[in-house]
Amino acid sequence: MQFARTDFPEGFLFGVATSSYQIEGHGFGGAGPTHWDSFAATPGNVVRAEHGAVACDHYHRWATDLDLIAAMGADVYRFSTSWARVLPEGTGQPNAEGLDFYDRLVDGMLARGLKPAATLYHWELPQALADQGGWRNADMPDWFADYTHLVMSRIGDRVWSAAPINEPWCVSWLSHFEGAHAPGLRDIRATARAMHHVLLSHGRSIQVMRDLGMKNLGAVCNFEWAEPASDSPEDIAAANRYDAIYNRFFLGGLFKGAYPAEVLAGLGPHLPKGWEDDFPTIQAPLDWLGLNYYTRKLIRHADHAWPSYAEAPTRLPLTQMGWEIYPDGLRDFLIRTARDYSGTLPLFVTENGMANPDRVDQPDAARIAYLGSHLQAVQAAIAAGAPVAGYFVWSLMDNYEWSLGYEKRFGLIHVDFETLARTPKASYHALAQWWRD
Ligand code: FCB
């Protein structure tokens with residue numbers, strides 16, 4: 001597979017993505033404790049109880065990491081700022097060293113000709129706020145607005161784009177209903193509140209950034225293509241519920257000012273009082289929408305309480321995560337999202353990539369094939385009229401893959417977690433060639 005920039009519309013942007021807790025080393029620079037630290041310290045939550053105290057030590061190695069991004073010809077670097085690094089207690093006294101770090105990082109990107117694409121929240125909630133209920137707490141939108149103001153007063157004049165929250169589904173459903181991510185709850189009421197407060201916090205944050213005069217503001221949602229495991233009406237309904245919870249709830253809030261009936265059937269009684277009045281804030285106008293896409297799930301009906309579905313056995317080749325490789329889902333999401341929700345708003349694939357058991361001495365051909373097939377899916381979506389404006393790979397380098405620790409390697413660059421040495425993989429070199437001018 002070969003690509004050239006001329007295979008994509010003029011001005012189409014390529015980039016790589018990371019997030020703060022997964023690469024920086026949260027033990028450095030005066031960052032406060034986060035709910036991921038306590039989640040990881042609880043036996044059984046994370047493979048080998050691994051945490052992000054050192055991670056890739058990007059906190060100290062950021063300059064050479066940015067050199068590697070620039071050398072591969074990327075246009076955009078999607079990074080995130082850590083709330084607990086700049087506000088160790090979540091509110092109150094800022095950590096000057098943390099703000100200085102992001103200030104230098106943004107200047108470092110600009111100096112190398114990279115467009116800084118900032119995300120304000122990629123999951124490392126300050127522990128002090130988690131202690132007060134975290135995303136369940138109705139004060140979250142205020143806390144998040146204050147945090148937005150603090151960070152963006154410092155770097156908002158130089159970032160190319162900004163999004164408040166990475167993947168509302170993971171922040172709320174995965175973490176409060178499935179218990180798979182911090183804070184590890186399995187509680188329907190907490191889930192309903194978190195799902196709504198995440199969207200409300202998003203809207204407040206957008207307003208704060210608009211008031212600061214910032215431009216190019218968006219949202220980043222993750223989507224999983226859901227297909228019924230059989231033609232039975234029960235399985236079809238189950239796949240629809242899965243799609244509603246995972247995908248349409250957040251799009252519905254952002255673009256229609258309504259939540260899908262299939263979700264309200266379960267969460268309705270648990271939503272915070274007056275939730276319907278929050279849509280004008282949630283629907284703050286956006287300049288772009290980001291889609292993170294990895295896989296599809298086959299869904300079947302299950303005889304248990306709402307949402308009464310379960311995953312059915314997969315049918316296609318899998319990545320190291322056990323996720324099906326299904327590029328058509330990316331194409332179909334881009335087309336459906338534009339058609340049903342975002343219209344002519346520019347769409348960015350803000351994350352796409354695969355985990356693979358990479359070794360430095362073996363070319364990661366599987367990743368090159370994965371990225372190539374998904375770039376073809378993007379081309380197909382564009383040909384069908386979807387306004388896709390860019391594509392960013394997850395991830396720049398191997399990093400802390402949350403509850404799966406350091407075992408799952410998503411990087412274009414191999415990281416030796418003993419020595420922290422970086423070695424570009426074959427996929428890094430392939431993309432560098434595709435992205436050459
Ligand atoms: C996404 C997350 C990212 C990483 C990838 C594999 O859901 O945004 O941090 O974990 O999945």
# chains A, B, ... in the order shown; residues from 1 in each chain; ligands from 1
>>> select_by_dssp(residues="stretch 147-300 of chain A", states="strand (DSSP E)", output="list in words")
Ser161, Ala162, Ala163, Pro164, Ile165, Gly218, Ala219, Val220, Cys221, Asn222, Phe223, Glu224, Trp225, Ala226, Glu227, Pro228, Trp288, Leu289, Gly290, Leu291, Asn292, Tyr293, Tyr294, Thr295, Arg296, Lys297, Leu298, Ile299 and Arg300 of chain A
>>> residues_around(residues="A:His304", least_positions_apart="5", cutoff="12 Å", atoms="only C-alpha atoms", output="list in words")
Ala238, Tyr309 and Ala310 of chain A
>>> write_last_selection(atoms="C-alpha atoms", output="CSV table (one decimal), in the first residue's frame")
chain,number,residue,atom,x,y,z
A,238,ALA,CA,-29.7,-5.1,21.4
A,309,TYR,CA,-26.9,-7.0,25.6
A,310,ALA,CA,-23.6,-8.9,25.4
>>> select_by_dssp(residues="stretch 101-317 of chain A", states="helix (DSSP H, G or I)", output="PyMOL selection string")
chain A and resi 101-111+127-130+134-136+140-155+168-176+188-211+233-256+261-270+275-282
>>> residues_near_ligand(ligand="ligand 1", cutoff="10 Å", atoms="only C-alpha atoms and all ligand atoms", output="ChimeraX atom specification")
/A:17-22,122-123,165-171,220-223,292-294,321,350-355,394-395,399-404,408-411
>>> write_last_selection(atoms="C-alpha atoms", output="PDB file, in the first residue's frame")
ATOM      1  CA  ALA A  17      -1.813  11.718  19.102  1.00  0.00           C
ATOM      2  CA  THR A  18      -0.836  11.060  22.722  1.00  0.00           C
ATOM      3  CA  SER A  19      -2.208  11.955  26.137  1.00  0.00           C
ATOM      4  CA  SER A  20      -0.649  13.389  29.268  1.00  0.00           C
ATOM      5  CA  TYR A  21      -0.999  10.581  31.828  1.00  0.00           C
ATOM      6  CA  GLN A  22      -0.046   7.941  29.275  1.00  0.00           C
ATOM      7  CA  HIS A 122      -7.796  12.799  28.850  1.00  0.00           C
ATOM      8  CA  TRP A 123      -8.825  11.057  32.064  1.00  0.00           C
ATOM      9  CA  ILE A 165     -12.852  16.147  26.814  1.00  0.00           C
ATOM     10  CA  ASN A 166     -11.476  13.015  25.184  1.00  0.00           C
ATOM     11  CA  GLU A 167     -14.105  10.326  24.645  1.00  0.00           C
ATOM     12  CA  PRO A 168     -17.151  11.063  26.818  1.00  0.00           C
ATOM     13  CA  TRP A 169     -18.221   7.394  26.574  1.00  0.00           C
ATOM     14  CA  CYS A 170     -15.008   6.204  28.264  1.00  0.00           C
ATOM     15  CA  VAL A 171     -15.145   8.931  30.900  1.00  0.00           C
ATOM     16  CA  VAL A 220     -13.670  14.288  20.433  1.00  0.00           C
ATOM     17  CA  CYS A 221     -15.923  11.220  20.706  1.00  0.00           C
ATOM     18  CA  ASN A 222     -15.045   7.555  20.340  1.00  0.00           C
ATOM     19  CA  PHE A 223     -17.274   5.300  18.305  1.00  0.00           C
ATOM     20  CA  ASN A 292     -11.739   8.147  17.512  1.00  0.00           C
ATOM     21  CA  TYR A 293     -12.233   4.803  15.850  1.00  0.00           C
ATOM     22  CA  TYR A 294     -10.717   1.359  16.441  1.00  0.00           C
ATOM     23  CA  MET A 321      -6.293  -5.785  22.141  1.00  0.00           C
ATOM     24  CA  THR A 350      -8.563  12.186  15.982  1.00  0.00           C
ATOM     25  CA  GLU A 351      -7.438   8.637  16.880  1.00  0.00           C
ATOM     26  CA  ASN A 352      -6.959   5.436  14.908  1.00  0.00           C
ATOM     27  CA  GLY A 353      -4.339   2.755  15.263  1.00  0.00           C
ATOM     28  CA  MET A 354      -3.636  -0.719  16.578  1.00  0.00           C
ATOM     29  CA  ALA A 355      -1.815  -2.497  19.373  1.00  0.00           C
ATOM     30  CA  TRP A 394      -2.910   6.732  17.918  1.00  0.00           C
ATOM     31  CA  SER A 395      -0.183   6.761  19.000  1.00  0.00           C
ATOM     32  CA  ASN A 399       2.685   4.140  26.289  1.00  0.00           C
ATOM     33  CA  TYR A 400       0.537   3.394  29.340  1.00  0.00           C
ATOM     34  CA  GLU A 401      -2.539   1.655  27.957  1.00  0.00           C
ATOM     35  CA  TRP A 402      -4.710   2.256  31.031  1.00  0.00           C
ATOM     36  CA  SER A 403      -5.985  -0.944  32.663  1.00  0.00           C
ATOM     37  CA  LEU A 404      -3.761  -2.961  30.333  1.00  0.00           C
ATOM     38  CA  LYS A 408      -0.249  -3.211  24.674  1.00  0.00           C
ATOM     39  CA  ARG A 409       1.942  -1.365  22.212  1.00  0.00           C
ATOM     40  CA  PHE A 410       0.134   1.221  20.075  1.00  0.00           C
ATOM     41  CA  GLY A 411       3.172   3.292  19.105  1.00  0.00           C
TER      42      GLY A 411
END
>>> residues_around(residues="A:Ala192", least_positions_apart="6", cutoff="7 Å", atoms="only C-alpha atoms", output="list in words")
Leu267, His270 and Leu271 of chain A
>>> write_last_selection(atoms="N, CA and C atoms", output="short mmCIF file (atom, residue, chain, number, x, y, z; two decimals), in the first residue's frame")
data_model
loop_
_atom_site.label_atom_id
_atom_site.label_comp_id
_atom_site.auth_asym_id
_atom_site.auth_seq_id
_atom_site.Cartn_x
_atom_site.Cartn_y
_atom_site.Cartn_z
N LEU A 267 -31.49 5.01 31.71
CA LEU A 267 -30.83 6.03 32.53
C LEU A 267 -31.76 7.16 32.95
N HIS A 270 -32.37 8.28 36.47
CA HIS A 270 -31.17 8.58 37.25
C HIS A 270 -30.46 9.86 36.81
N LEU A 271 -30.99 10.51 35.77
CA LEU A 271 -30.35 11.74 35.32
C LEU A 271 -30.57 12.85 36.35
#
>>> residues_around(residues="stretch 374-388 of chain A", least_positions_apart="3", cutoff="9 Å", atoms="only C-alpha atoms", output="PyMOL selection string")
chain A and resi 3+7-9+12+326-339+343-349+352-353+369-371+391
>>> residues_around(residues="A:Met140", least_positions_apart="2", cutoff="12 Å", atoms="only C-alpha atoms", output="count of residues only")
33
>>> closest_residue(among="A:Leu318, A:Met1, A:Asp75, A:Arg210", to="A:Ser373", atoms="only C-alpha atoms")
A:Met1
>>> closest_residue(among="A:Ala239, A:Ala305, A:Met209, A:Ala49", to="A:Arg154", atoms="only C-alpha atoms")
A:Met209
>>> residues_around(residues="A:Ala226", least_positions_apart="5", cutoff="9 Å", atoms="only C-alpha atoms", output="list in words")
Ala239, Asn240, Tyr242, Asp243, Arg296, Lys297, Leu298, Ile299 and Gly329 of chain A
>>> write_last_selection(atoms="C-alpha atoms", output="mmCIF file, in the first residue's frame")
data_model
loop_
_atom_site.group_PDB
_atom_site.id
_atom_site.type_symbol
_atom_site.label_atom_id
_atom_site.label_comp_id
_atom_site.auth_asym_id
_atom_site.auth_seq_id
_atom_site.Cartn_x
_atom_site.Cartn_y
_atom_site.Cartn_z
ATOM 1 C CA ALA A 239 -27.218 -3.765 18.764
ATOM 2 C CA ASN A 240 -29.342 -0.613 18.516
ATOM 3 C CA TYR A 242 -25.401 -0.571 22.163
ATOM 4 C CA ASP A 243 -25.146 1.978 19.357
ATOM 5 C CA ARG A 296 -16.622 -2.984 15.645
ATOM 6 C CA LYS A 297 -18.534 -5.243 18.026
ATOM 7 C CA LEU A 298 -21.047 -7.972 17.268
ATOM 8 C CA ILE A 299 -23.856 -7.641 19.762
ATOM 9 C CA GLY A 329 -16.805 0.975 10.319
#
